[in-house]
$ cat upload-v2.txt   # compact mmCIF, C-alpha atoms and all ligand atoms
# COMPACT_ATOMS: atom_id res chain seq x y z
CA MET V 1103 37.04 -5.24 8.06
CA LYS V 1104 35.57 -2.86 10.62
CA ILE V 1105 36.89 0.66 10.03
CA GLY V 1106 34.86 2.68 12.51
CA GLU V 1107 32.20 2.87 15.17
CA VAL V 1108 29.89 5.83 15.71
CA HIS V 1109 27.58 6.46 18.67
CA ASP V 1110 24.62 8.82 18.84
CA ALA V 1111 22.92 8.88 22.22
CA ASN V 1112 20.24 11.29 20.95
CA ARG V 1113 18.54 8.54 18.98
CA LYS V 1114 15.95 6.47 20.81
CA THR V 1115 16.69 3.06 19.26
CA VAL V 1116 17.83 2.88 15.66
CA GLY V 1117 21.35 4.17 15.00
CA ARG V 1118 22.57 4.63 18.57
CA THR V 1119 25.51 2.48 17.47
CA ILE V 1120 26.78 2.27 13.89
CA LEU V 1121 29.49 -0.22 12.92
CA HIS V 1122 31.26 0.89 9.75
CA PHE V 1123 32.95 -1.70 7.50
CA ASP V 1124 34.96 -1.23 4.31
CA ALA V 1125 33.57 -4.31 2.55
CA VAL V 1126 31.21 -7.09 3.60
CA GLU V 1127 29.31 -9.80 1.75
CA SER V 1128 25.98 -8.24 2.72
CA THR V 1129 25.21 -5.90 5.61
CA ASN V 1130 22.07 -7.97 6.34
CA GLU V 1131 24.28 -11.06 6.79
CA THR V 1132 26.79 -9.21 9.00
CA ALA V 1133 23.91 -7.94 11.15
CA LYS V 1134 22.62 -11.52 11.46
CA GLU V 1135 26.07 -12.80 12.47
CA LEU V 1136 26.29 -10.11 15.15
CA LEU V 1137 23.08 -11.43 16.73
CA GLU V 1138 25.20 -14.23 18.21
CA SER V 1139 26.78 -11.63 20.48
CA ASP V 1140 24.59 -9.65 22.83
CA VAL V 1141 24.04 -6.56 20.65
CA GLU V 1142 21.71 -3.71 21.55
CA GLU V 1143 18.51 -3.14 19.64
CA GLY V 1144 18.88 -0.60 16.84
CA LEU V 1145 22.43 -1.59 15.90
CA VAL V 1146 23.38 -0.45 12.38
CA VAL V 1147 25.86 -2.15 10.09
CA TRP V 1148 27.13 0.15 7.34
CA ALA V 1149 29.52 -0.85 4.56
CA ASP V 1150 31.27 1.07 1.76
CA ARG V 1151 30.64 -1.83 -0.59
CA GLN V 1152 29.15 -5.30 -0.60
CA VAL V 1153 30.52 -8.24 -2.54
CA ALA V 1154 27.30 -10.28 -2.34
CA GLY V 1155 24.56 -7.66 -1.84
CA ARG V 1156 21.08 -9.14 -1.93
CA GLY V 1157 17.80 -7.72 -3.18
CA ARG V 1158 14.21 -8.90 -2.95
CA HIS V 1159 12.97 -11.94 -4.89
CA GLY V 1160 16.41 -13.58 -4.52
CA ARG V 1161 17.99 -11.01 -6.83
CA ALA V 1162 21.49 -9.58 -6.44
CA TRP V 1163 21.94 -5.93 -5.39
CA ALA V 1164 24.90 -4.39 -7.18
CA SER V 1165 26.91 -2.63 -4.48
CA PRO V 1166 29.89 -0.74 -5.91
CA LEU V 1167 31.86 1.88 -3.96
CA GLY V 1168 29.96 5.14 -3.69
CA GLY V 1169 26.57 3.65 -2.81
CA LEU V 1170 25.08 3.50 0.65
CA TYR V 1171 24.56 0.03 2.13
CA ALA V 1172 23.24 -0.24 5.67
CA SER V 1173 21.14 -2.60 7.78
CA PHE V 1174 19.56 -2.09 11.16
CA MET V 1175 18.36 -4.65 13.65
CA VAL V 1176 15.29 -4.30 15.86
CA ARG V 1177 13.30 -6.58 18.11
CA PRO V 1178 9.68 -5.53 17.64
CA LYS V 1179 7.12 -7.05 20.00
CA GLU V 1180 5.11 -8.60 17.24
CA ALA V 1181 6.31 -10.52 14.22
CA HIS V 1182 5.69 -7.74 11.73
CA ALA V 1183 8.94 -7.85 9.77
CA TRP V 1184 7.25 -7.37 6.49
CA LEU V 1185 5.12 -4.42 7.56
CA LEU V 1186 8.12 -2.65 9.08
CA GLY V 1187 10.01 -3.16 5.82
CA LEU V 1188 7.10 -1.59 3.96
CA LEU V 1189 6.96 1.47 6.23
CA VAL V 1190 10.73 2.10 6.14
CA GLY V 1191 10.21 3.19 2.54
CA MET V 1192 8.83 6.46 3.99
CA PRO V 1193 12.03 7.65 5.74
CA VAL V 1194 14.09 6.60 2.71
CA VAL V 1195 11.96 8.77 0.42
CA LYS V 1196 12.07 11.59 2.97
CA ALA V 1197 15.88 11.48 3.03
CA LEU V 1198 16.10 11.49 -0.77
CA ARG V 1199 13.80 14.51 -0.91
CA HIS V 1200 15.83 16.26 1.77
CA PHE V 1201 18.93 15.90 -0.41
CA GLY V 1202 17.17 17.12 -3.53
CA VAL V 1203 15.66 14.14 -5.36
CA PHE V 1204 11.88 14.29 -5.34
CA ALA V 1205 11.53 10.50 -5.15
CA GLY V 1206 8.27 8.61 -4.76
CA LEU V 1207 7.40 5.32 -3.13
CA LYS V 1208 6.68 2.43 -5.45
CA TYR V 1209 4.90 -0.43 -3.72
CA PRO V 1210 6.10 -2.08 -1.57
CA ASN V 1211 9.23 -0.12 -0.70
CA ASP V 1212 11.23 1.00 -3.73
CA ALA V 1213 12.22 4.64 -3.93
CA VAL V 1214 11.85 5.74 -7.53
CA TYR V 1215 12.42 8.94 -9.43
CA GLN V 1216 10.83 9.33 -12.87
CA ASN V 1217 10.16 5.59 -12.89
CA ARG V 1218 13.84 4.77 -12.22
CA LYS V 1219 14.81 3.02 -8.99
CA ILE V 1220 17.14 4.88 -6.68
CA ALA V 1221 16.84 2.86 -3.44
CA GLY V 1222 15.62 -0.55 -2.30
CA ILE V 1223 14.86 -2.27 1.00
CA LEU V 1224 15.24 -5.89 2.05
CA SER V 1225 13.60 -6.77 5.34
CA GLU V 1226 14.05 -10.17 6.97
CA GLY V 1227 12.73 -11.72 10.18
CA VAL V 1228 15.03 -14.11 12.06
CA TYR V 1229 14.83 -15.99 15.36
CA ARG V 1230 17.93 -16.15 17.57
CA HIS V 1231 17.65 -17.96 20.89
CA ASP V 1232 13.84 -17.81 20.59
CA VAL V 1233 13.83 -14.03 20.22
CA TYR V 1234 12.39 -12.52 17.07
CA HIS V 1235 14.65 -10.01 15.31
CA VAL V 1236 14.02 -7.97 12.21
CA ILE V 1237 16.89 -6.94 9.98
CA VAL V 1238 16.08 -4.15 7.54
CA GLY V 1239 18.68 -3.53 4.84
CA ILE V 1240 18.63 -0.30 2.84
CA GLY V 1241 20.57 0.28 -0.36
CA VAL V 1242 20.68 3.79 -1.84
CA ASN V 1243 22.38 4.70 -5.12
CA THR V 1244 23.99 7.81 -3.74
CA ASN V 1245 27.41 8.53 -5.27
CA VAL V 1246 27.36 5.74 -7.83
CA ASP V 1247 28.03 6.19 -11.53
CA LEU V 1248 25.21 4.58 -13.47
CA ASP V 1249 27.72 2.69 -15.63
CA LYS V 1250 29.01 0.89 -12.52
CA LEU V 1251 25.63 -0.86 -12.24
CA PRO V 1252 24.86 -4.00 -14.29
CA PRO V 1253 23.83 -3.21 -17.90
CA ASP V 1254 20.33 -4.67 -17.45
CA VAL V 1255 19.76 -2.50 -14.36
CA GLN V 1256 21.01 0.78 -15.86
CA PRO V 1257 17.92 1.72 -17.92
CA ARG V 1258 15.68 1.26 -14.84
CA ALA V 1259 17.96 2.88 -12.25
CA THR V 1260 19.18 6.28 -11.26
CA THR V 1261 21.48 7.74 -8.63
CA LEU V 1262 21.59 10.78 -6.37
CA LYS V 1263 24.79 11.87 -8.10
CA ARG V 1264 23.05 11.77 -11.48
CA GLU V 1265 19.99 13.72 -10.36
CA VAL V 1266 21.52 16.33 -8.07
CA ASN V 1267 24.42 18.58 -8.95
CA LEU V 1268 25.83 18.34 -5.47
CA PHE V 1269 28.05 15.85 -3.65
CA VAL V 1270 26.38 14.36 -0.59
CA ALA V 1271 28.69 12.28 1.61
CA ASN V 1272 27.25 8.90 2.54
CA GLU V 1273 27.94 9.67 6.19
CA GLU V 1274 25.73 12.75 6.00
CA PHE V 1275 22.99 10.93 4.12
CA LEU V 1276 23.07 8.04 6.60
CA ASP V 1277 22.94 10.39 9.58
CA TYR V 1278 19.79 12.09 8.27
CA LEU V 1279 18.23 8.79 7.18
CA LEU V 1280 18.79 7.14 10.57
CA ASN V 1281 17.15 10.07 12.38
CA GLN V 1282 14.07 9.53 10.22
CA VAL V 1283 14.13 5.74 10.65
CA ASP V 1284 14.50 6.13 14.41
CA ASP V 1285 11.43 8.40 14.50
CA LEU V 1286 9.46 5.96 12.39
CA TYR V 1287 10.39 3.03 14.64
CA SER V 1288 9.26 4.98 17.70
CA ARG V 1289 5.92 5.63 16.06
CA TYR V 1290 5.76 1.98 14.97
CA ARG V 1291 6.07 0.91 18.60
CA ASN V 1292 3.81 3.53 20.10
CA THR V 1293 1.09 4.24 17.55
CA ARG V 1294 -1.59 2.12 15.97
CA ILE V 1295 -0.38 0.59 12.74
CA GLU V 1296 -3.44 1.97 10.89
CA PHE V 1297 -2.12 5.50 11.39
CA LEU V 1298 1.22 4.61 9.85
CA LEU V 1299 -0.44 2.79 6.98
CA LYS V 1300 -2.51 5.89 6.37
CA ASP V 1301 0.70 7.91 6.00
CA TYR V 1302 2.14 5.23 3.78
CA ARG V 1303 -0.97 5.25 1.58
CA GLY V 1304 -0.59 9.02 1.16
CA GLN V 1305 3.01 8.63 0.00
CA CYS V 1306 2.67 5.56 -2.22
CA THR V 1307 2.71 6.81 -5.81
CA THR V 1308 1.61 3.39 -7.13
CA ILE V 1309 -1.99 3.97 -6.05
CA GLY V 1310 -4.20 5.06 -8.92
CA LYS V 1311 -1.79 3.75 -11.56
CA ARG V 1312 -2.29 0.95 -14.04
CA VAL V 1313 -0.04 -1.92 -13.02
CA SER V 1314 0.84 -5.48 -13.81
CA VAL V 1315 1.78 -7.92 -11.08
CA THR V 1316 3.66 -11.12 -11.89
CA ILE V 1317 3.82 -13.96 -9.38
CA GLY V 1318 5.50 -17.04 -10.80
CA LYS V 1319 3.83 -17.68 -14.12
CA GLU V 1320 0.70 -15.69 -13.27
CA LYS V 1321 0.37 -12.12 -14.51
CA LEU V 1322 -2.47 -9.79 -13.62
CA THR V 1323 -3.16 -6.36 -15.05
CA GLY V 1324 -5.39 -3.76 -13.45
CA LYS V 1325 -5.48 -0.56 -11.41
CA ALA V 1326 -3.69 -0.19 -8.08
CA TYR V 1327 -6.62 0.80 -5.92
CA ASP V 1328 -5.54 1.03 -2.28
CA ILE V 1329 -3.41 -0.35 0.57
CA ALA V 1330 -5.30 -2.85 2.75
CA THR V 1331 -5.14 -2.70 6.55
CA ASN V 1332 -2.69 -5.64 6.43
CA GLY V 1333 -0.37 -3.65 4.14
CA ALA V 1334 -1.28 -5.56 0.96
CA LEU V 1335 -1.68 -3.74 -2.35
CA ILE V 1336 -5.25 -3.96 -3.64
CA VAL V 1337 -5.44 -4.23 -7.41
CA VAL V 1338 -8.75 -4.15 -9.27
CA ASP V 1339 -8.45 -6.18 -12.46
CA ASP V 1340 -10.09 -5.33 -15.77
CA GLN V 1341 -13.16 -7.39 -14.80
CA GLY V 1342 -13.59 -5.32 -11.64
CA VAL V 1343 -12.41 -8.09 -9.27
CA LYS V 1344 -10.25 -7.04 -6.29
CA HIS V 1345 -6.98 -8.88 -5.57
CA GLU V 1346 -4.53 -8.40 -2.71
CA PHE V 1347 -0.77 -8.71 -3.19
CA PHE V 1348 2.13 -8.61 -0.78
CA GLU V 1349 4.86 -9.70 -3.10
CA GLY V 1350 5.34 -10.18 -6.78
CA ALA V 1351 7.12 -8.23 -9.47
CA LEU V 1352 5.14 -5.04 -9.91
CA GLU V 1353 5.35 -2.99 -13.06
CA ILE V 1354 3.82 0.44 -13.51
CA LEU V 1355 2.18 0.63 -16.94
CA LYS V 1356 1.94 3.81 -18.93
C1 LIG P 1 15.52 -4.58 -3.45
O1 LIG P 1 14.99 -3.55 -3.86
O2 LIG P 1 15.52 -5.60 -4.14
C2 LIG P 1 16.14 -4.57 -2.10
C3 LIG P 1 17.57 -4.09 -2.12
C4 LIG P 1 18.19 -4.06 -0.74
C5 LIG P 1 19.66 -3.76 -0.78
C6 LIG P 1 20.22 -3.54 0.58
S1 LIG P 1 21.87 -2.92 0.53
C7 LIG P 1 22.02 -3.17 2.26
C8 LIG P 1 21.36 -4.50 2.56
N1 LIG P 1 22.29 -5.59 2.34
C9 LIG P 1 21.90 -6.40 1.34
O3 LIG P 1 22.51 -7.40 0.93
N2 LIG P 1 20.74 -5.93 0.81
C10 LIG P 1 20.28 -4.75 1.50

$ encode --input "upload-v2.txt" --output "structure tokens"
Amino acid sequence: MKIGEVHDANRKTVGRTILHFDAVESTNETAKELLESDVEEGLVVWADRQVAGRGRHGRAWASPLGGLYASFMVRPKEAHAWLLGLLVGMPVVKALRHFGVFAGLKYPNDAVYQNRKIAGILSEGVYRHDVYHVIVGIGVNTNVDLDKLPPDVQPRATTLKREVNLFVANEEFLDYLLNQVDDLYSRYRNTRIEFLLKDYRGQCTTIGKRVSVTIGKEKLTGKAYDIATNGALIVVDDQGVKHEFFEGALEILK
């Protein structure tokens, strides 16, 4: 059920209108449903909890009360859904740092603190009436107790509440986050993508680390070397051969 609507005319695109729900299946799905009506670009769907939150690789995203679950919709000129999803990791990390958690960016777009995940992003491209839309969903473990997350997730996760001795209201976090996302989207539209990828490269803490990447039954181990101009992660394997990855389960090795 919709419980509020917030407008901010100071933002250029993302977050000019925020629809606030108490509970939804998934904010990405609600945003997609709203595409049937004539909604303005930048619309945000925010929910207090999700009953069927989705993560990358077809996984579930546990979404208990206390966490932040929001999706925004944009209509970029080019079909770059994936690249936009990658870059949105930057404002998420910036917001976490602003509120006191010195998070880093694990490729492609996980926010992690001391190797524990604190936020994730699911970006999807959809056509409606021949127009390309990108829905970017952001989930942040803000005021969640770790024991409210599934037992298998707990050892690899953390929350803002756990790391910072300070209560940050989701509304306040979202407000700051959307200002950063709005700035990023402006740059995305007006700057060459190489410049943004350069920033991303500077913030991605995966580079230089030993990693393993699993895609299906294949597993490759090597050193994360760089971000390619197409946004792929370049991994140099133990034989010195370069590989490019966009997806796959990435593990940082000690
Ligand atoms: C991941 O790291 O696997 C991505 C997690 C994305 C979760 C967010 S919460 C808001 C939006 N709605 C969803 O169902 N998923 C995204």

$ residues_around --input "upload-v2.txt" --residues "Asn1130 (chain V)" --least-positions-apart "4" --cutoff "12 Å" --atoms "only C-alpha atoms" --output "ChimeraX atom specification"
/V:1126,1134-1137,1145-1149,1152,1154-1157,1163,1171-1175,1223-1228,1235-1241

$ residues_around --input "upload-v2.txt" --residues "Glu1353 (chain V)" --least-positions-apart "3" --cutoff "10 Å" --atoms "only C-alpha atoms" --output "VMD selection string"
chain V and resid 1208 to 1209 1217 1308 1311 to 1316 1323 1350 1356

$ closest_residue --input "upload-v2.txt" --among "V:Gly1202, V:Pro1193, V:Gly1187, V:Pro1166" --to "Phe1269 (chain V)" --atoms "all atoms listed in the file"
V:Gly1202

$ residues_around --input "upload-v2.txt" --residues "Ser1139 (chain V)" --least-positions-apart "6" --cutoff "12 Å" --atoms "only C-alpha atoms" --output "PyMOL selection string"
chain V and resi 1132-1133+1145+1230-1231

$ write_last_selection --input "upload-v2.txt" --atoms "C-alpha atoms" --output "PDB file, in the coordinates of the input"
ATOM      1  CA  THR V1132      26.790  -9.210   9.000  1.00  0.00           C
ATOM      2  CA  ALA V1133      23.910  -7.940  11.150  1.00  0.00           C
ATOM      3  CA  LEU V1145      22.430  -1.590  15.900  1.00  0.00           C
ATOM      4  CA  ARG V1230      17.930 -16.150  17.570  1.00  0.00           C
ATOM      5  CA  HIS V1231      17.650 -17.960  20.890  1.00  0.00           C
TER       6      HIS V1231
END

$ residues_near_point --input "upload-v2.txt" --point "(29.0, 0.2, 16.5)" --cutoff "9 Å" --atoms "all atoms listed in the file" --output "list in words"
Gly1106, Glu1107, Val1108, His1109, Gly1117, Arg1118, Thr1119, Ile1120, Leu1121, His1122, Leu1145, Val1146 and Val1147 of chain V

$ decode --input "upload-v2.txt" --residues "region 1199-1282 of chain V" --atoms "C-alpha atoms" --output "PDB file, in the first residue's frame"
ATOM      1  CA  ARG V1199      30.815   6.799   3.882  1.00  0.00           C
ATOM      2  CA  HIS V1200      28.837   9.969   4.556  1.00  0.00           C
ATOM      3  CA  PHE V1201      26.955   8.147   7.317  1.00  0.00           C
ATOM      4  CA  GLY V1202      30.106   6.691   8.834  1.00  0.00           C
ATOM      5  CA  VAL V1203      30.814   3.311   7.226  1.00  0.00           C
ATOM      6  CA  PHE V1204      33.996   3.407   5.184  1.00  0.00           C
ATOM      7  CA  ALA V1205      32.640   0.948   2.603  1.00  0.00           C
ATOM      8  CA  GLY V1206      34.406  -0.072  -0.595  1.00  0.00           C
ATOM      9  CA  LEU V1207      33.135  -1.140  -3.989  1.00  0.00           C
ATOM     10  CA  LYS V1208      33.423  -4.818  -4.810  1.00  0.00           C
ATOM     11  CA  TYR V1209      33.049  -5.519  -8.514  1.00  0.00           C
ATOM     12  CA  PRO V1210      30.561  -5.069 -10.047  1.00  0.00           C
ATOM     13  CA  ASN V1211      28.448  -3.069  -7.605  1.00  0.00           C
ATOM     14  CA  ASP V1212      28.414  -4.507  -4.085  1.00  0.00           C
ATOM     15  CA  ALA V1213      29.183  -2.157  -1.223  1.00  0.00           C
ATOM     16  CA  VAL V1214      31.317  -4.039   1.270  1.00  0.00           C
ATOM     17  CA  TYR V1215      32.887  -3.230   4.591  1.00  0.00           C
ATOM     18  CA  GLN V1216      35.670  -5.487   5.885  1.00  0.00           C
ATOM     19  CA  ASN V1217      34.681  -8.064   3.271  1.00  0.00           C
ATOM     20  CA  ARG V1218      31.050  -8.107   4.470  1.00  0.00           C
ATOM     21  CA  LYS V1219      28.297  -6.943   2.132  1.00  0.00           C
ATOM     22  CA  ILE V1220      26.253  -3.968   3.248  1.00  0.00           C
ATOM     23  CA  ALA V1221      24.435  -2.991   0.023  1.00  0.00           C
ATOM     24  CA  GLY V1222      23.595  -4.494  -3.352  1.00  0.00           C
ATOM     25  CA  ILE V1223      22.262  -3.265  -6.690  1.00  0.00           C
ATOM     26  CA  LEU V1224      20.038  -4.968  -9.250  1.00  0.00           C
ATOM     27  CA  SER V1225      19.782  -3.180 -12.566  1.00  0.00           C
ATOM     28  CA  GLU V1226      17.382  -4.308 -15.284  1.00  0.00           C
ATOM     29  CA  GLY V1227      16.604  -3.036 -18.778  1.00  0.00           C
ATOM     30  CA  VAL V1228      13.000  -3.284 -19.990  1.00  0.00           C
ATOM     31  CA  TYR V1229      11.128  -2.162 -23.100  1.00  0.00           C
ATOM     32  CA  ARG V1230       7.661  -0.634 -22.716  1.00  0.00           C
ATOM     33  CA  HIS V1231       5.880   0.546 -25.842  1.00  0.00           C
ATOM     34  CA  ASP V1232       9.201   0.406 -27.725  1.00  0.00           C
ATOM     35  CA  VAL V1233      10.917   2.721 -25.245  1.00  0.00           C
ATOM     36  CA  TYR V1234      13.935   1.444 -23.361  1.00  0.00           C
ATOM     37  CA  HIS V1235      13.771   1.887 -19.586  1.00  0.00           C
ATOM     38  CA  VAL V1236      16.324   1.022 -16.957  1.00  0.00           C
ATOM     39  CA  ILE V1237      15.221   0.114 -13.451  1.00  0.00           C
ATOM     40  CA  VAL V1238      17.975   0.234 -10.847  1.00  0.00           C
ATOM     41  CA  GLY V1239      17.119  -1.299  -7.479  1.00  0.00           C
ATOM     42  CA  ILE V1240      19.249  -0.548  -4.432  1.00  0.00           C
ATOM     43  CA  GLY V1241      19.109  -2.474  -1.174  1.00  0.00           C
ATOM     44  CA  VAL V1242      21.036  -1.163   1.839  1.00  0.00           C
ATOM     45  CA  ASN V1243      21.259  -2.917   5.206  1.00  0.00           C
ATOM     46  CA  THR V1244      20.687   0.229   7.194  1.00  0.00           C
ATOM     47  CA  ASN V1245      18.749  -0.381  10.421  1.00  0.00           C
ATOM     48  CA  VAL V1246      18.605  -4.155  10.171  1.00  0.00           C
ATOM     49  CA  ASP V1247      19.648  -6.540  12.914  1.00  0.00           C
ATOM     50  CA  LEU V1248      22.047  -9.076  11.461  1.00  0.00           C
ATOM     51  CA  ASP V1249      20.013 -11.926  12.964  1.00  0.00           C
ATOM     52  CA  LYS V1250      17.019 -10.884  10.847  1.00  0.00           C
ATOM     53  CA  LEU V1251      18.982 -11.896   7.730  1.00  0.00           C
ATOM     54  CA  PRO V1252      19.091 -15.545   6.570  1.00  0.00           C
ATOM     55  CA  PRO V1253      21.646 -17.642   8.518  1.00  0.00           C
ATOM     56  CA  ASP V1254      23.757 -18.341   5.417  1.00  0.00           C
ATOM     57  CA  VAL V1255      23.957 -14.606   4.646  1.00  0.00           C
ATOM     58  CA  GLN V1256      24.852 -13.447   8.170  1.00  0.00           C
ATOM     59  CA  PRO V1257      28.580 -14.326   8.166  1.00  0.00           C
ATOM     60  CA  ARG V1258      29.075 -12.408   4.883  1.00  0.00           C
ATOM     61  CA  ALA V1259      26.870  -9.399   5.674  1.00  0.00           C
ATOM     62  CA  THR V1260      26.895  -6.341   7.832  1.00  0.00           C
ATOM     63  CA  THR V1261      24.595  -3.411   8.516  1.00  0.00           C
ATOM     64  CA  LEU V1262      24.907   0.317   9.116  1.00  0.00           C
ATOM     65  CA  LYS V1263      23.368  -0.185  12.559  1.00  0.00           C
ATOM     66  CA  ARG V1264      26.052  -2.726  13.441  1.00  0.00           C
ATOM     67  CA  GLU V1265      28.969  -0.593  12.251  1.00  0.00           C
ATOM     68  CA  VAL V1266      27.911   2.871  13.389  1.00  0.00           C
ATOM     69  CA  ASN V1267      26.779   3.780  16.865  1.00  0.00           C
ATOM     70  CA  LEU V1268      24.190   6.170  15.541  1.00  0.00           C
ATOM     71  CA  PHE V1269      20.636   5.812  14.258  1.00  0.00           C
ATOM     72  CA  VAL V1270      20.235   7.015  10.690  1.00  0.00           C
ATOM     73  CA  ALA V1271      16.625   7.216   9.487  1.00  0.00           C
ATOM     74  CA  ASN V1272      16.057   5.574   6.111  1.00  0.00           C
ATOM     75  CA  GLU V1273      14.413   8.769   4.892  1.00  0.00           C
ATOM     76  CA  GLU V1274      17.589  10.722   5.615  1.00  0.00           C
ATOM     77  CA  PHE V1275      19.819   8.090   4.044  1.00  0.00           C
ATOM     78  CA  LEU V1276      17.614   7.927   0.941  1.00  0.00           C
ATOM     79  CA  ASP V1277      17.562  11.705   0.591  1.00  0.00           C
ATOM     80  CA  TYR V1278      21.367  11.893   0.583  1.00  0.00           C
ATOM     81  CA  LEU V1279      21.694   8.825  -1.659  1.00  0.00           C
ATOM     82  CA  LEU V1280      19.271  10.178  -4.256  1.00  0.00           C
ATOM     83  CA  ASN V1281      21.146  13.489  -4.447  1.00  0.00           C
ATOM     84  CA  GLN V1282      24.289  11.525  -5.281  1.00  0.00           C
TER      85      GLN V1282
END
